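Text of my_file.txt, listed as compact mmCIF, C-alpha atoms and all ligand atoms:
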# COMPACT_ATOMS: atom_id res chain seq x y z
CA MET R 1 -56.08 -8.47 2.94
CA THR R 2 -54.19 -9.26 -0.26
CA GLU R 3 -53.78 -6.71 -3.04
CA THR R 4 -56.06 -8.62 -5.41
CA GLU R 5 -58.89 -8.49 -2.85
CA ASN R 6 -58.74 -4.70 -2.61
CA ILE R 7 -61.15 -3.34 -5.21
CA PHE R 8 -59.61 0.09 -4.61
CA ASP R 9 -56.20 -0.80 -5.94
CA SER R 10 -56.77 -0.52 -9.70
CA ALA R 11 -55.49 2.50 -11.63
CA ASP R 12 -59.01 3.07 -12.92
CA THR R 13 -60.55 3.17 -9.43
CA VAL R 14 -57.85 5.48 -8.16
CA ALA R 15 -58.36 7.85 -11.11
CA ARG R 16 -62.12 7.79 -10.58
CA TRP R 17 -61.74 8.37 -6.82
CA ARG R 18 -59.51 11.30 -7.49
CA ALA R 19 -61.85 12.81 -10.04
CA ASN R 20 -64.66 12.55 -7.52
CA ALA R 21 -62.91 14.58 -4.79
CA GLU R 22 -65.03 17.67 -5.26
CA ARG R 23 -68.28 15.71 -5.08
CA ARG R 24 -67.05 14.00 -1.88
CA ALA R 25 -66.08 17.33 -0.35
CA ALA R 26 -69.62 18.58 -1.00
CA TYR R 27 -71.59 15.69 0.47
CA LEU R 28 -69.14 14.51 3.11
CA GLY R 29 -67.68 17.85 4.20
CA GLN R 30 -69.68 18.29 7.41
CA ALA R 31 -69.47 14.63 8.43
CA THR R 32 -65.71 14.74 7.87
CA GLU R 33 -65.30 17.82 10.08
CA ARG R 34 -67.25 16.00 12.79
CA MET R 35 -64.92 13.03 12.47
CA LEU R 36 -61.87 15.27 12.79
CA ASP R 37 -63.41 16.99 15.83
CA ALA R 38 -64.24 13.63 17.40
CA ALA R 39 -60.63 12.52 17.06
CA GLY R 40 -59.31 15.81 18.47
CA VAL R 41 -57.39 16.78 15.34
CA THR R 42 -56.14 20.20 16.47
CA ALA R 43 -52.96 22.27 16.21
CA GLY R 44 -49.84 20.28 17.04
CA ALA R 45 -51.50 16.84 17.06
CA ARG R 46 -49.91 13.66 15.69
CA VAL R 47 -52.52 12.02 13.49
CA LEU R 48 -52.78 8.56 11.94
CA ASP R 49 -55.08 8.39 8.91
CA LEU R 50 -56.24 4.84 8.12
CA GLY R 51 -57.13 4.04 4.50
CA THR R 52 -56.48 7.59 3.34
CA GLY R 53 -57.41 6.83 -0.28
CA THR R 54 -56.47 9.76 -2.47
CA GLY R 55 -55.72 11.82 0.62
CA ASP R 56 -58.78 14.07 1.21
CA THR R 57 -58.62 13.54 4.96
CA ALA R 58 -54.83 13.64 5.16
CA VAL R 59 -54.90 17.14 3.63
CA LEU R 60 -57.68 18.32 5.96
CA ALA R 61 -55.91 16.89 9.01
CA ALA R 62 -52.57 18.39 7.93
CA LEU R 63 -54.13 21.83 7.64
CA ARG R 64 -55.71 21.50 11.08
CA VAL R 65 -52.58 20.30 12.89
CA GLY R 66 -50.34 22.88 11.22
CA PRO R 67 -46.53 22.89 11.14
CA GLY R 68 -46.26 21.78 14.78
CA GLY R 69 -48.21 18.60 14.08
CA SER R 70 -47.92 15.66 11.69
CA VAL R 71 -50.02 13.19 9.76
CA LEU R 72 -49.14 9.63 8.86
CA ALA R 73 -51.33 8.79 5.87
CA THR R 74 -51.69 5.05 5.39
CA ASP R 75 -53.44 2.76 2.96
CA VAL R 76 -53.13 -0.83 1.88
CA SER R 77 -53.10 0.28 -1.77
CA PRO R 78 -49.80 1.65 -3.14
CA ALA R 79 -51.69 3.32 -6.01
CA MET R 80 -53.93 5.19 -3.55
CA LEU R 81 -50.90 6.28 -1.52
CA GLU R 82 -49.23 7.69 -4.61
CA ALA R 83 -52.35 9.67 -5.41
CA ALA R 84 -52.57 10.83 -1.78
CA ALA R 85 -49.00 12.12 -1.95
CA GLU R 86 -49.89 14.06 -5.10
CA SER R 87 -52.99 15.54 -3.40
CA CYS R 88 -50.84 16.71 -0.49
CA THR R 89 -48.28 18.28 -2.80
CA ALA R 90 -51.06 20.01 -4.76
CA ALA R 91 -52.52 21.33 -1.48
CA GLY R 92 -49.09 22.57 -0.39
CA VAL R 93 -49.03 20.59 2.86
CA THR R 94 -45.62 19.31 3.92
CA ASN R 95 -46.36 17.71 7.30
CA VAL R 96 -47.70 14.39 5.91
CA GLU R 97 -45.81 11.13 5.58
CA PHE R 98 -47.07 8.11 3.68
CA GLN R 99 -46.85 4.48 4.58
CA ARG R 100 -48.30 1.33 3.15
CA GLN R 101 -50.16 -0.13 6.07
CA ASP R 102 -53.02 -2.54 6.64
CA ALA R 103 -55.37 -0.86 9.11
CA GLY R 104 -56.03 -4.27 10.60
CA ALA R 105 -52.36 -4.88 11.45
CA LEU R 106 -50.80 -1.83 13.07
CA GLN R 107 -48.12 -3.78 14.99
CA SER R 108 -45.23 -2.05 13.24
CA LEU R 109 -46.30 1.38 14.54
CA GLU R 110 -44.96 2.77 17.79
CA PRO R 111 -47.27 2.25 20.77
CA GLY R 112 -48.78 5.36 22.37
CA TYR R 113 -47.49 7.66 19.64
CA PHE R 114 -50.61 9.26 18.17
CA ASP R 115 -52.95 11.87 19.62
CA ALA R 116 -55.59 11.05 17.04
CA VAL R 117 -56.56 8.22 14.71
CA ILE R 118 -58.97 8.88 11.86
CA GLY R 119 -60.47 6.62 9.21
CA ARG R 120 -63.10 7.68 6.71
CA PHE R 121 -64.87 4.69 5.16
CA SER R 122 -61.91 2.37 5.57
CA LEU R 123 -62.57 0.34 8.74
CA MET R 124 -65.24 -1.70 6.94
CA PHE R 125 -62.56 -3.26 4.78
CA VAL R 126 -60.27 -4.71 7.44
CA THR R 127 -60.30 -8.48 7.73
CA ASP R 128 -60.41 -8.52 11.54
CA LEU R 129 -62.18 -5.55 13.11
CA ALA R 130 -61.35 -6.59 16.71
CA GLU R 131 -57.64 -6.72 15.85
CA ALA R 132 -57.85 -3.36 14.06
CA LEU R 133 -59.50 -1.71 17.08
CA ARG R 134 -56.96 -3.20 19.49
CA GLY R 135 -54.21 -1.87 17.21
CA ILE R 136 -55.77 1.58 17.20
CA ARG R 137 -55.97 1.59 20.98
CA ARG R 138 -52.34 0.49 21.18
CA VAL R 139 -50.98 3.30 18.98
CA LEU R 140 -53.03 6.01 20.72
CA LYS R 141 -51.54 7.96 23.61
CA PRO R 142 -53.46 7.68 26.88
CA GLY R 143 -56.37 10.06 26.35
CA GLY R 144 -55.83 9.96 22.57
CA ARG R 145 -58.93 9.73 20.43
CA LEU R 146 -60.37 7.90 17.46
CA GLY R 147 -62.87 9.28 14.93
CA ALA R 148 -63.98 6.90 12.20
CA LEU R 149 -66.82 7.14 9.71
CA VAL R 150 -68.49 4.05 8.30
CA TRP R 151 -71.65 3.63 6.26
CA GLY R 152 -75.01 2.97 7.84
CA PRO R 153 -77.33 0.30 6.37
CA PRO R 154 -77.85 -0.02 2.58
CA GLU R 155 -81.52 0.98 2.73
CA ARG R 156 -80.47 4.32 4.29
CA ASN R 157 -77.83 4.92 1.58
CA PRO R 158 -79.55 4.63 -1.79
CA PHE R 159 -76.74 6.40 -3.65
CA LEU R 160 -74.52 3.46 -2.68
CA SER R 161 -77.03 0.63 -2.79
CA LEU R 162 -79.32 1.59 -5.67
CA SER R 163 -77.16 -0.11 -8.29
CA THR R 164 -77.18 -3.36 -6.33
CA ARG R 165 -80.93 -3.24 -5.74
CA VAL R 166 -81.76 -2.47 -9.36
CA ALA R 167 -79.21 -4.95 -10.75
CA ARG R 168 -80.66 -7.68 -8.52
CA ARG R 169 -84.21 -6.88 -9.61
CA GLU R 170 -83.21 -6.91 -13.28
CA GLY R 171 -81.28 -10.21 -12.94
CA LEU R 172 -78.02 -8.37 -13.64
CA LEU R 173 -76.19 -8.84 -10.36
CA LYS R 174 -73.11 -10.96 -11.07
CA VAL R 175 -70.70 -10.04 -8.28
CA PRO R 176 -70.11 -12.02 -5.07
CA GLU R 177 -72.33 -11.17 -2.10
CA GLU R 178 -69.22 -10.45 -0.01
CA GLN R 179 -68.36 -7.48 -2.24
CA ILE R 180 -71.90 -6.17 -2.10
CA ILE R 181 -71.91 -6.22 1.68
CA GLY R 182 -68.42 -4.62 1.79
CA PRO R 183 -69.27 -0.94 2.34
CA PHE R 184 -72.04 -1.84 4.84
CA ARG R 185 -70.16 -4.39 6.91
CA LEU R 186 -70.12 -2.15 10.00
CA ALA R 187 -73.63 -0.76 9.65
CA ASP R 188 -74.77 -2.26 12.97
CA ARG R 189 -74.43 0.74 15.26
CA ASP R 190 -74.57 -1.14 18.56
CA GLY R 191 -72.30 -3.91 17.28
CA LEU R 192 -69.68 -1.36 16.28
CA ALA R 193 -69.77 0.36 19.67
CA ARG R 194 -69.50 -3.01 21.43
CA ALA R 195 -66.49 -4.00 19.31
CA ALA R 196 -64.69 -0.76 20.20
CA VAL R 197 -65.42 -1.18 23.92
CA ALA R 198 -64.25 -4.80 23.76
CA ALA R 199 -60.94 -3.49 22.35
CA GLY R 200 -60.49 -1.35 25.45
CA LEU R 201 -61.67 1.99 24.09
CA GLU R 202 -64.25 4.24 25.66
CA ALA R 203 -66.59 4.46 22.71
CA GLU R 204 -69.90 5.57 21.32
CA VAL R 205 -71.41 5.64 17.86
CA GLU R 206 -73.60 8.41 16.55
CA GLU R 207 -75.58 8.77 13.36
CA VAL R 208 -74.46 11.50 10.98
CA PRO R 209 -76.78 12.07 8.02
CA VAL R 210 -75.38 13.11 4.65
CA GLU R 211 -77.07 13.85 1.36
CA VAL R 212 -76.01 13.67 -2.24
CA ARG R 213 -77.40 16.32 -4.55
CA ALA R 214 -77.20 16.44 -8.34
CA ARG R 215 -78.56 18.99 -10.78
CA THR R 216 -79.25 16.63 -13.66
CA GLN R 217 -80.04 12.98 -14.20
CA GLU R 218 -76.71 12.63 -15.97
CA THR R 219 -74.70 13.92 -13.01
CA ALA R 220 -76.81 11.87 -10.59
CA LEU R 221 -76.00 8.74 -12.61
CA GLU R 222 -72.34 9.77 -12.75
CA GLY R 223 -72.43 10.07 -8.95
CA LEU R 224 -73.75 6.51 -8.60
CA GLN R 225 -71.05 5.30 -10.97
CA CYS R 226 -68.28 6.76 -8.82
CA SER R 227 -68.74 3.98 -6.31
CA PRO R 228 -66.24 1.14 -6.83
CA LEU R 229 -69.08 -1.28 -6.02
CA THR R 230 -71.20 0.10 -8.87
CA GLN R 231 -68.16 -0.11 -11.13
CA THR R 232 -67.68 -3.75 -10.16
CA ILE R 233 -71.35 -4.47 -10.84
CA LEU R 234 -71.20 -2.74 -14.23
CA GLY R 235 -67.83 -4.30 -15.07
CA ALA R 236 -69.29 -7.81 -14.75
CA LEU R 237 -71.85 -7.10 -17.50
CA SER R 238 -71.85 -7.24 -21.30
CA GLU R 239 -72.28 -3.94 -23.14
CA THR R 240 -75.97 -4.59 -23.75
CA GLU R 241 -76.60 -5.59 -20.14
CA ARG R 242 -74.70 -2.55 -18.96
CA ALA R 243 -76.82 -0.22 -21.09
CA SER R 244 -79.96 -1.91 -19.83
CA LEU R 245 -78.87 -1.49 -16.17
CA GLU R 246 -78.03 2.18 -16.77
CA ASP R 247 -81.50 2.73 -18.28
CA ALA R 248 -83.12 1.05 -15.27
CA LEU R 249 -81.03 3.20 -12.92
CA LYS R 250 -82.16 6.38 -14.69
CA VAL R 251 -85.79 5.37 -14.16
CA GLU R 252 -85.13 4.55 -10.50
CA LEU R 253 -83.34 7.86 -9.97
CA GLU R 254 -86.62 9.65 -10.70
CA THR R 255 -87.81 8.50 -7.25
CA TYR R 256 -85.23 10.93 -5.86
CA ARG R 257 -86.15 13.89 -7.98
CA GLU R 258 -86.66 17.06 -5.96
CA GLY R 259 -87.60 20.19 -7.84
CA GLU R 260 -85.15 20.71 -10.68
CA GLY R 261 -82.58 18.27 -9.33
CA TYR R 262 -82.05 15.06 -7.38
CA ARG R 263 -81.53 14.47 -3.67
CA LEU R 264 -80.37 11.12 -2.34
CA PRO R 265 -80.25 10.77 1.43
CA GLY R 266 -77.49 8.92 3.21
CA LEU R 267 -76.54 7.86 6.71
CA THR R 268 -73.06 7.48 8.11
CA LEU R 269 -72.03 6.26 11.55
CA LEU R 270 -69.36 8.11 13.48
CA LEU R 271 -67.38 5.94 15.87
CA ARG R 272 -65.89 8.09 18.62
CA GLY R 273 -63.32 6.36 20.75
CA ARG R 274 -60.84 7.29 23.48
CA ASN R 275 -57.91 5.38 24.87
CA PRO R 276 -58.57 5.62 28.62
CA ALA R 277 -55.07 4.65 29.74
C1 LIG D 1 -63.91 3.85 0.48
S1 LIG D 1 -62.21 4.19 0.29
C2 LIG D 1 -62.05 5.60 1.34
C3 LIG D 1 -60.84 6.44 1.03
C4 LIG D 1 -60.68 7.72 1.86
N1 LIG D 1 -60.57 7.45 3.27
C5 LIG D 1 -61.81 8.68 1.59
O1 LIG D 1 -62.68 8.83 2.46
O2 LIG D 1 -61.84 9.28 0.51
C6 LIG D 1 -61.46 2.90 1.22
C7 LIG D 1 -59.96 2.98 1.29
O3 LIG D 1 -59.51 2.01 2.23
C8 LIG D 1 -58.39 1.33 1.69
N2 LIG D 1 -58.32 0.02 2.34
C9 LIG D 1 -59.02 -1.10 2.06
N3 LIG D 1 -58.67 -2.07 2.91
C10 LIG D 1 -57.75 -1.56 3.75
C11 LIG D 1 -57.00 -2.08 4.85
N4 LIG D 1 -57.17 -3.33 5.26
N5 LIG D 1 -56.12 -1.26 5.45
C12 LIG D 1 -55.94 0.02 5.04
N6 LIG D 1 -56.61 0.55 4.02
C13 LIG D 1 -57.51 -0.22 3.39
C14 LIG D 1 -58.63 1.29 0.20
O4 LIG D 1 -57.45 1.07 -0.53
C15 LIG D 1 -59.25 2.66 -0.02
O5 LIG D 1 -58.26 3.62 -0.27

As structure tokens, the full file:
Amino acid sequence: MTETENIFDSADTVARWRANAERRAAYLGQATERMLDAAGVTAGARVLDLGTGTGDTAVLAALRVGPGGSVLATDVSPAMLEAAAESCTAAGVTNVEFQRQDAGALQSLEPGYFDAVIGRFSLMFVTDLAEALRGIRRVLKPGGRLGALVWGPPERNPFLSLSTRVARREGLLKVPEEQIIGPFRLADRDGLARAAVAAGLEAEVEEVPVEVRARTQETALEGLQCSPLTQTILGALSETERASLEDALKVELETYREGEGYRLPGLTLLLRGRNPA
């Protein structure tokens, strides 16, 4: 992947991603713990974090492995890596190193070095999934484990797909289909498990539900707007079109009203893998 293709590499996206850390911790907290458990991120482990973003998972992994363990936090975006380093400093963890690294091309990393590989919502963005999975197997010790979260299908994740659906309906969808599919590229549960097995991992994929809650329509809309995909959709519009899409989204959000607030369901897939030899 080239830098220009990575929609996560702009200063604006990085700042937004950072600002959204608390919201992510709330709706992804349990799923993330399951991912860390699946990968066997425990005291003393050597962990590779793929597509760490602003470092949420690097910090969590670093706290789990403690001073006897280590985390290599990687991302294809230098701006994300910088932010991840700042998150680690702010959290007071000192056992994390940072490296610019395409998750689909792990050849430069030492074979059989890691006890655990994790990746939260990053595997969908590699150019060649088969190559990425072979690379993961190669860098894992025998018996080492992978835990990776990816998004389930768009219709099960309205907080991610609502903007696309409403923009399409309103004739306001002006971004390439490839970008729209991006977050959902690995939503085929069986296909993902098969790809991991084909790469030589023992693997299974389980569904892990999540839910996004918001107290007000304003914060619910803000939540939708945190997604880089929604930002891309909005960024392609004139001011008037943008206002019109935001109005339509507010109306649509009412479908998800529950009591005083809003509840948007979501579905992630947890890929659990193990290097058998
Ligand atoms: C949806 S964000 C997830 C960030 C972080 N893991 C989290 O859960 O908060 C996707 C991340 O993957 C990174 N990314 C995209 N393509 C990548 C690739 N080929 N290799 C490594 N990282 C990649 C992006 O720069 C971005 O930081």

Give me, as a tab-separated table, each residue of chain R that comes within 7 Å of ligand LIG 1 (chain D), together with its shortest interatomic pair and the distance in Å at one decimal, counting only C-alpha atoms and all ligand atoms, with rows ordered by chain and rising residue number.
residue	atom	partner	partner_atom	distance
R:Met1	CA	D:LIG1	N4	5.7
R:Asn6	CA	D:LIG1	C9	5.9
R:Phe8	CA	D:LIG1	O4	4.7
R:Asp9	CA	D:LIG1	O4	5.9
R:Leu50	CA	D:LIG1	C12	5.7
R:Gly51	CA	D:LIG1	N6	3.6
R:Thr52	CA	D:LIG1	N1	4.1
R:Gly53	CA	D:LIG1	O5	3.3
R:Thr54	CA	D:LIG1	O2	6.2
R:Gly55	CA	D:LIG1	C4	6.6
R:Asp56	CA	D:LIG1	O2	5.7
R:Thr57	CA	D:LIG1	N1	6.6
R:Thr74	CA	D:LIG1	C12	6.6
R:Asp75	CA	D:LIG1	N6	4.0
R:Val76	CA	D:LIG1	N6	4.3
R:Ser77	CA	D:LIG1	O4	4.6
R:Met80	CA	D:LIG1	O5	5.7
R:Gln101	CA	D:LIG1	C12	5.9
R:Asp102	CA	D:LIG1	N5	3.6
R:Ala103	CA	D:LIG1	N5	3.8
R:Gly104	CA	D:LIG1	N4	5.5
R:Gly119	CA	D:LIG1	N1	6.0
R:Arg120	CA	D:LIG1	N1	4.3
R:Phe121	CA	D:LIG1	C2	4.8
R:Ser122	CA	D:LIG1	O3	4.1
R:Phe125	CA	D:LIG1	N3	4.5
R:Val126	CA	D:LIG1	N4	4.0
R:Thr127	CA	D:LIG1	N4	6.5

Among listed residues R:Ala277, R:Val14, R:Ala84, R:Leu72, nearest Val117 of chain R (using all atoms listed in the file) |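 Of all the options, R:Leu72 lies closest to Val117 of chain R.
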
Calculate how many Å separate atom CA of Leu267 of chain R from atom CA of Leu123 of chain R, rounding to one decimal.
->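 A separation of 16.0 Å between them.
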
Close residues, Ala85 of chain R itself excluded, 10 Å, only C-alpha atoms, min 4 positions apart in chain, as an NGL selection string = :R and (54-55 or 58-59 or 73 or 80-81 or 89-91 or 93-94 or 96-98)

What lies within 6 Å of Gly152 of chain R using only C-alpha atoms, ignoring chain neighbours under 2 positions off, as a PyMOL selection string?
-> chain R and resi 187+267-269

Nearest residue to Glu258 of chain R from the set R:Ala236, R:Val166, R:Val205, R:Val212 (distances using all atoms listed in the file) |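 The answer is R:Val212, which sits nearest to Glu258 of chain R.
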
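Computed from the coordinates, the atom CA of Ala31 of chain R to atom CA of Leu192 of chain R distance equals 17.8 Å.
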
Which residue, R:Gln179, R:Thr255, R:Ser70, R:Thr230, has the smallest gap to Asp115 of chain R when you use all atoms listed in the file?
->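 Between R:Gln179, R:Thr255, R:Ser70, R:Thr230, the residue approaching Asp115 of chain R most closely is R:Ser70.
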
Do you know which residues are at most 10 Å from segment 143-147 of chain R counting only C-alpha atoms, after dropping those on the same chain fewer than 2 positions away, and could you put them as a PDB file with C-alpha atoms, keeping the file's coordinate frame?
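The resulting result_39.pdb:
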ATOM      1  CA  THR R  32     -65.710  14.740   7.870  1.00  0.00           C
ATOM      2  CA  ARG R  34     -67.250  16.000  12.790  1.00  0.00           C
ATOM      3  CA  MET R  35     -64.920  13.030  12.470  1.00  0.00           C
ATOM      4  CA  LEU R  36     -61.870  15.270  12.790  1.00  0.00           C
ATOM      5  CA  ASP R  37     -63.410  16.990  15.830  1.00  0.00           C
ATOM      6  CA  ALA R  38     -64.240  13.630  17.400  1.00  0.00           C
ATOM      7  CA  ALA R  39     -60.630  12.520  17.060  1.00  0.00           C
ATOM      8  CA  GLY R  40     -59.310  15.810  18.470  1.00  0.00           C
ATOM      9  CA  VAL R  41     -57.390  16.780  15.340  1.00  0.00           C
ATOM     10  CA  ALA R  45     -51.500  16.840  17.060  1.00  0.00           C
ATOM     11  CA  ARG R  46     -49.910  13.660  15.690  1.00  0.00           C
ATOM     12  CA  VAL R  47     -52.520  12.020  13.490  1.00  0.00           C
ATOM     13  CA  LEU R  48     -52.780   8.560  11.940  1.00  0.00           C
ATOM     14  CA  ASP R  49     -55.080   8.390   8.910  1.00  0.00           C
ATOM     15  CA  GLY R 112     -48.780   5.360  22.370  1.00  0.00           C
ATOM     16  CA  TYR R 113     -47.490   7.660  19.640  1.00  0.00           C
ATOM     17  CA  PHE R 114     -50.610   9.260  18.170  1.00  0.00           C
ATOM     18  CA  ASP R 115     -52.950  11.870  19.620  1.00  0.00           C
ATOM     19  CA  ALA R 116     -55.590  11.050  17.040  1.00  0.00           C
ATOM     20  CA  VAL R 117     -56.560   8.220  14.710  1.00  0.00           C
ATOM     21  CA  ILE R 118     -58.970   8.880  11.860  1.00  0.00           C
ATOM     22  CA  GLY R 119     -60.470   6.620   9.210  1.00  0.00           C
ATOM     23  CA  ARG R 120     -63.100   7.680   6.710  1.00  0.00           C
ATOM     24  CA  LEU R 133     -59.500  -1.710  17.080  1.00  0.00           C
ATOM     25  CA  ILE R 136     -55.770   1.580  17.200  1.00  0.00           C
ATOM     26  CA  ARG R 137     -55.970   1.590  20.980  1.00  0.00           C
ATOM     27  CA  VAL R 139     -50.980   3.300  18.980  1.00  0.00           C
ATOM     28  CA  LEU R 140     -53.030   6.010  20.720  1.00  0.00           C
ATOM     29  CA  LYS R 141     -51.540   7.960  23.610  1.00  0.00           C
ATOM     30  CA  LEU R 149     -66.820   7.140   9.710  1.00  0.00           C
ATOM     31  CA  LEU R 201     -61.670   1.990  24.090  1.00  0.00           C
ATOM     32  CA  GLU R 202     -64.250   4.240  25.660  1.00  0.00           C
ATOM     33  CA  ALA R 203     -66.590   4.460  22.710  1.00  0.00           C
ATOM     34  CA  VAL R 205     -71.410   5.640  17.860  1.00  0.00           C
ATOM     35  CA  LEU R 270     -69.360   8.110  13.480  1.00  0.00           C
ATOM     36  CA  LEU R 271     -67.380   5.940  15.870  1.00  0.00           C
ATOM     37  CA  ARG R 272     -65.890   8.090  18.620  1.00  0.00           C
ATOM     38  CA  GLY R 273     -63.320   6.360  20.750  1.00  0.00           C
ATOM     39  CA  ARG R 274     -60.840   7.290  23.480  1.00  0.00           C
ATOM     40  CA  ASN R 275     -57.910   5.380  24.870  1.00  0.00           C
ATOM     41  CA  PRO R 276     -58.570   5.620  28.620  1.00  0.00           C
ATOM     42  CA  ALA R 277     -55.070   4.650  29.740  1.00  0.00           C
TER      43      ALA R 277
END

Point out the residue among R:Ala43, R:Ala220, R:Glu110, R:Ser10 with the least atom-to-atom distance to Ala79 of chain R, counting all atoms listed in the file.
->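 Looking at the shortest contact to Ala79 of chain R, the residue is R:Ser10.
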
Between atom CA of Thr240 of chain R and atom CA of Gln217 of chain R - distance in Å to one decimal |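 Value for the atom CA of Gln217 of chain R-atom CA of Thr240 of chain R distance: 20.4 Å.
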
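With all atoms listed in the file as the atoms that count, the minimum distance from Leu28 of chain R to the choices R:Val208, R:Ala130, R:Leu186, R:Met124 is reached by R:Val208.
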
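Each of R:Leu229, R:Leu106, R:Val251, R:Ala25 was compared to Gly182 of chain R using only C-alpha atoms, and R:Leu229 turns out to be the nearest.
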
Tell me, as a list in words, which residues lie within 10 Å of Leu237 of chain R, counting all atoms listed in the file; anything in the same chain fewer than 6 positions away does not count.
->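 Residues near the query, excluding close chain neighbours: Leu172, Leu173, Lys174, Val175, Ala243, Ser244 and Leu245 of chain R.
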
For Leu249 of chain R: contacts at 12 Å, only C-alpha atoms, fewer than 2 positions along chain excluded, given as a PyMOL selection string = chain R and resi 158-159+161-170+172+217-218+220-225+230+234+242-247+251-256

Centre and size of axis-aligned box enclosing segment 266-273 of chain R plus 3 Å each side, as JSON:
{"center_x": -70.4, "center_y": 7.4, "center_z": 12.0, "size_x": 20.2, "size_y": 9.0, "size_z": 23.5}
